[in-house]
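A.B. asks: This is the structure I want to talk about, given as structure tokens.
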Amino acid sequence: MTSMFAKAGAFILLAVALMLQACAQEPAPQHAPPVTADDEAVILARVDDTMITLKQLREFYADIPAYLQSGNVGIEQVRDHLQTLIDMELLQIEALDQGIAQRPDFLSKTKRQRMDRLVGLYIIDQIKVNLLPSQVRDEWAAKGLSRTIRVGQILTSSLDSAQAALQDIASGATFGEAARMWSTHKESARQGGDQGRYMNRLDVQPSLGDRLFALTEGEISEPIDLKGGFGVFTVLAQFDADLNQERFLALYQKMYMERSVAERRALVDSLKSDLQLSLDRDGLKRLLEITRRGAWDDAALAELTIYRYRGGQITGLDVVMSVDPVDLGSLRQLTAQSMAQRMSRTLVPDAVLMAGALEAGYAQREDIADWLLQRRKEELIVQLRVKILDERVEISEEEVRAEYDAKPERYTRPEHITIEEVLVATEAEAQSVRARIEAGEKIADLARKMSLRSLEHRDENGRISLTLADGRYLGRLAASAYKSQPGELVGPLPVFEGFSVYRVLDRTTEPAPYEEARRRARATVNWIKKQIVFEQFLQDLRAKYQDRIQFFDEGIAQAVTG
């Protein structure tokens with residue numbers, strides 16, 4: 001078993017290793033020698049009855065990023081990294097001494113970690129989704145996903161308004177005129193209902209997509225209930241898109257997820273039958289009575305059985321604990337049927353999958369036991385750190401303002417990049433666009449005539465102003481633009497919508513006013529104060545437990561030699 005924190009997570013390293021003075025400067029990357037069997041016999045230090053070996057130190061050192069490694073060399077470097085491992089042990093001792101292991105949030109978190117680990121590995125072994133590239137291409141062809149349409153819309157707040165718009169069209173008005181008259185969506189109404197973008201079935205929820213893609217070019221739909229309003233739609237234009245890399249990945253992910261969900265559902269259904277899952281209707285009735293009163297005793301809920309299955313049960317407390325605290329009030333409104341439906345979505349599947357994992361012996365696997373012990377140790381330290389910092393860190397408005405005034409260069413608005421772009425459907429078209437630009441044609445002229453990019457995201461000349469956050473809808477285009485220099489012509493770049501050719505016009509940054517930057521400045525002050533407070537806490541722990549720590553100089557010398 002790999003004890004200590006040779007494989008400690010990044011949070012623990014940042015919380016503790018960053019506190020070491022030796023980490024103040026960034027050394028060149030170094031590589032630890034390979035671990036050997038003899039390393040486990042070399043003892044470097046002892047904390048109570050826990051031995052820290054050269055093997056543990058080497059594994060720990062091998063996983064430390066260069067910027068967290070000690071800047072010292074030789075014996076001082078060994079002692080720096082060894083001190084971090086000792087600090088890990090001291091933090092666990094202190095966490096146990098302060099009762100962290102009995103806190104409800106600790107018990108809940110470690111219980112969830114155990115379930116997630118066991119169930120996750122069990123599902124990986126039980127569910128095998130094999131999806132071939134040829135199957136993705138077949139789905140693309142069979143579902144007609146190459147068809148890409150530009151949609152016009154008239155959105156209204158009532159069915160009467162939608163029908164009135166259709167009546168105007170029947171009386172001779174164009175779709176655009178009706179949109180400008182009746183649509184509540186001002187931006188598209190100004191464009192005669194034009195959404196300003198092309199879409200295929202992957203872009204639209206199936207319930208709406210089925211209706212839209214049933215329309216031929218120029219055909220107008222009947223009013224469609226949009227759950228909060230009504231819409232009348234038409235297809236303004238269409239083309240067949242290639243299955244480029246972006247579209248292939250999007251379709252692959254969609255198909256893989258759908259098949260995984262179906263396989264998981266089948267596995268859960270099989271386990272329900274095999275484990276003889278049954279609902280205790282009297283228990284459910286009693287749970288509803290209790291939750292409607294709005295006050296309950298956890299011990300009583302823990303004794304209340306809602307579901308039974310071989311080897312376990314789901315209790316009333318399990319039901320309540322599965323609900324977000326802010327939503328507990330919603331339990332009062334549930335009927336027996338809606339409560340059972342709610343439980344069937346997550347609580348029941350989790351329970352039977354956990355039971356399946358336990359019956360399959362996953363809890364007895366040594367590697368899983370080691371992993372769970374490691375997570376428990378880490379969680380002890382995490383929650384101790386949170387407790388100490390909550391108790392000892394306070395931040396004043398004066399400190400936040402002083403940080404902002406002292407380091408204004410830290411608090412700029414996100415860099416804005418302006419590009420001009422032409423988006424087309426195929427790579428061949430994009431190559432042609434690039435050649436025309438290189439021959440002297442203006443991107444703005446080509447964008448007005450050819451670009452498929454939505455007018456929601458660009459102006460009529462193809463200009464787009466973006467920040468890195470715009471990657472949520474511009475994806476690869478935003479990421480590429482941030483790597484490009486002003487004046488550089490880029491493309492063809494494969495993106496989800498087709499192929500992009502663009503040029504960066506400028507990149508600008510400007511200082512953020514204090515009110516805008518206040519949260520960031522406060523976060524900086526908070527981070528700095530936490531480092532100072534936690535470092536002092538570590539120093540106090542070392543002094544408090546110094547008589548329980550023993551160093552072995554011979555082993556440390558051997559570590560230096562190695």
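We name chains A, B, ... following the order of the structure tokens; residues begin at 1 in each chain, and ligands are numbered from 1 as shown.
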May I have all residues of segment 17-167 of chain A that DSSP, computed from the backbone, assigns to helix (DSSP H, G or I), given as number ranges by chain?
C.D. replies: A: 17-19, 21-24, 37-41, 54-63, 66-68, 74-97, 100-102, 104-126, 133-142, 159-167
A.B. asks: Fewer than 3 positions away in the same chain doesn't count, so skip those; otherwise give me all residues within 6 Å of segment 375-388 of chain A, counting only C-alpha atoms, as a list of chain:residue names.
C.D. replies: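 Counting only the stated atoms, we get A:Leu91, A:Ala95, A:Leu372, A:Glu391.
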A.B. asks: With C-alpha atoms retained, write the just-selected residues as a CSV table (one decimal), in the first residue's frame.
C.D. replies:
chain,number,residue,atom,x,y,z
A,91,LEU,CA,-2.3,17.7,10.0
A,95,ALA,CA,-7.7,16.8,12.5
A,372,LEU,CA,-10.2,5.2,-0.1
A,391,GLU,CA,-12.0,30.8,12.2
A.B. asks: Report as an mmCIF file with N, CA and C atoms, in the first residue's frame all protein, DNA and RNA residues lying within 10 Å of segment 188-191 of chain A, evaluated on only C-alpha atoms, omitting residues in the same chain fewer than 5 positions from it.
C.D. replies:
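Output below, filename around-v1.cif:
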data_model
loop_
_atom_site.group_PDB
_atom_site.id
_atom_site.type_symbol
_atom_site.label_atom_id
_atom_site.label_comp_id
_atom_site.auth_asym_id
_atom_site.auth_seq_id
_atom_site.Cartn_x
_atom_site.Cartn_y
_atom_site.Cartn_z
ATOM 1 N N GLY A 152 -36.222 31.212 -40.019
ATOM 2 C CA GLY A 152 -36.915 32.440 -39.679
ATOM 3 C C GLY A 152 -37.931 32.146 -38.593
ATOM 4 N N GLN A 153 -38.147 33.101 -37.695
ATOM 5 C CA GLN A 153 -39.036 32.835 -36.564
ATOM 6 C C GLN A 153 -39.925 34.034 -36.272
ATOM 7 N N ILE A 154 -41.116 33.736 -35.790
ATOM 8 C CA ILE A 154 -42.015 34.740 -35.211
ATOM 9 C C ILE A 154 -42.369 34.214 -33.831
ATOM 10 N N LEU A 155 -41.844 34.831 -32.796
ATOM 11 C CA LEU A 155 -42.093 34.389 -31.430
ATOM 12 C C LEU A 155 -43.147 35.285 -30.809
ATOM 13 N N GLY A 176 -41.356 38.119 -43.376
ATOM 14 C CA GLY A 176 -40.579 39.172 -42.730
ATOM 15 C C GLY A 176 -41.446 40.290 -42.195
ATOM 16 N N GLU A 177 -42.470 40.683 -42.970
ATOM 17 C CA GLU A 177 -43.376 41.743 -42.520
ATOM 18 C C GLU A 177 -44.164 41.289 -41.296
ATOM 19 N N ALA A 178 -44.602 40.041 -41.297
ATOM 20 C CA ALA A 178 -45.343 39.522 -40.139
ATOM 21 C C ALA A 178 -44.437 39.437 -38.913
ATOM 22 N N ALA A 179 -43.185 39.080 -39.123
ATOM 23 C CA ALA A 179 -42.241 38.995 -38.002
ATOM 24 C C ALA A 179 -42.027 40.367 -37.383
ATOM 25 N N ARG A 180 -41.854 41.387 -38.233
ATOM 26 C CA ARG A 180 -41.644 42.736 -37.705
ATOM 27 C C ARG A 180 -42.882 43.246 -36.971
ATOM 28 N N MET A 181 -44.033 42.767 -37.361
ATOM 29 C CA MET A 181 -45.275 43.213 -36.731
ATOM 30 C C MET A 181 -45.553 42.458 -35.427
ATOM 31 N N TRP A 182 -45.335 41.130 -35.412
ATOM 32 C CA TRP A 182 -45.844 40.320 -34.315
ATOM 33 C C TRP A 182 -44.778 39.723 -33.384
ATOM 34 N N SER A 183 -43.550 39.575 -33.846
ATOM 35 C CA SER A 183 -42.564 38.841 -33.043
ATOM 36 C C SER A 183 -42.104 39.645 -31.830
ATOM 37 N N GLY A 196 -30.348 34.567 -38.213
ATOM 38 C CA GLY A 196 -28.989 34.931 -38.558
ATOM 39 C C GLY A 196 -27.989 33.808 -38.401
ATOM 40 N N LEU A 455 -25.735 36.373 -37.170
ATOM 41 C CA LEU A 455 -25.668 37.809 -36.913
ATOM 42 C C LEU A 455 -25.747 38.121 -35.422
ATOM 43 N N GLU A 456 -26.088 37.108 -34.611
ATOM 44 C CA GLU A 456 -26.043 37.308 -33.162
ATOM 45 C C GLU A 456 -24.608 37.454 -32.684
#
A.B. asks: Atom CA of Leu474 of chain A and atom CA of Val501 of chain A are how many Å apart?
C.D. replies: 13.7 Å
A.B. asks: Which residues come within 10 Å of Ala479 of chain A, counting only C-alpha atoms, excluding same-chain residues fewer than 5 positions away, as JSON, numbers by chain?
C.D. replies: {"A": [467, 468, 469, 470, 471, 474, 484]}
A.B. asks: Check the smallest atom-to-atom distance from each of A:Arg458, A:Ile443, A:Pro513, A:Val525 to Glu398 of chain A using only C-alpha atoms, then report the winner.
C.D. replies: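 So, comparing all the options, the nearest one is A:Val525.
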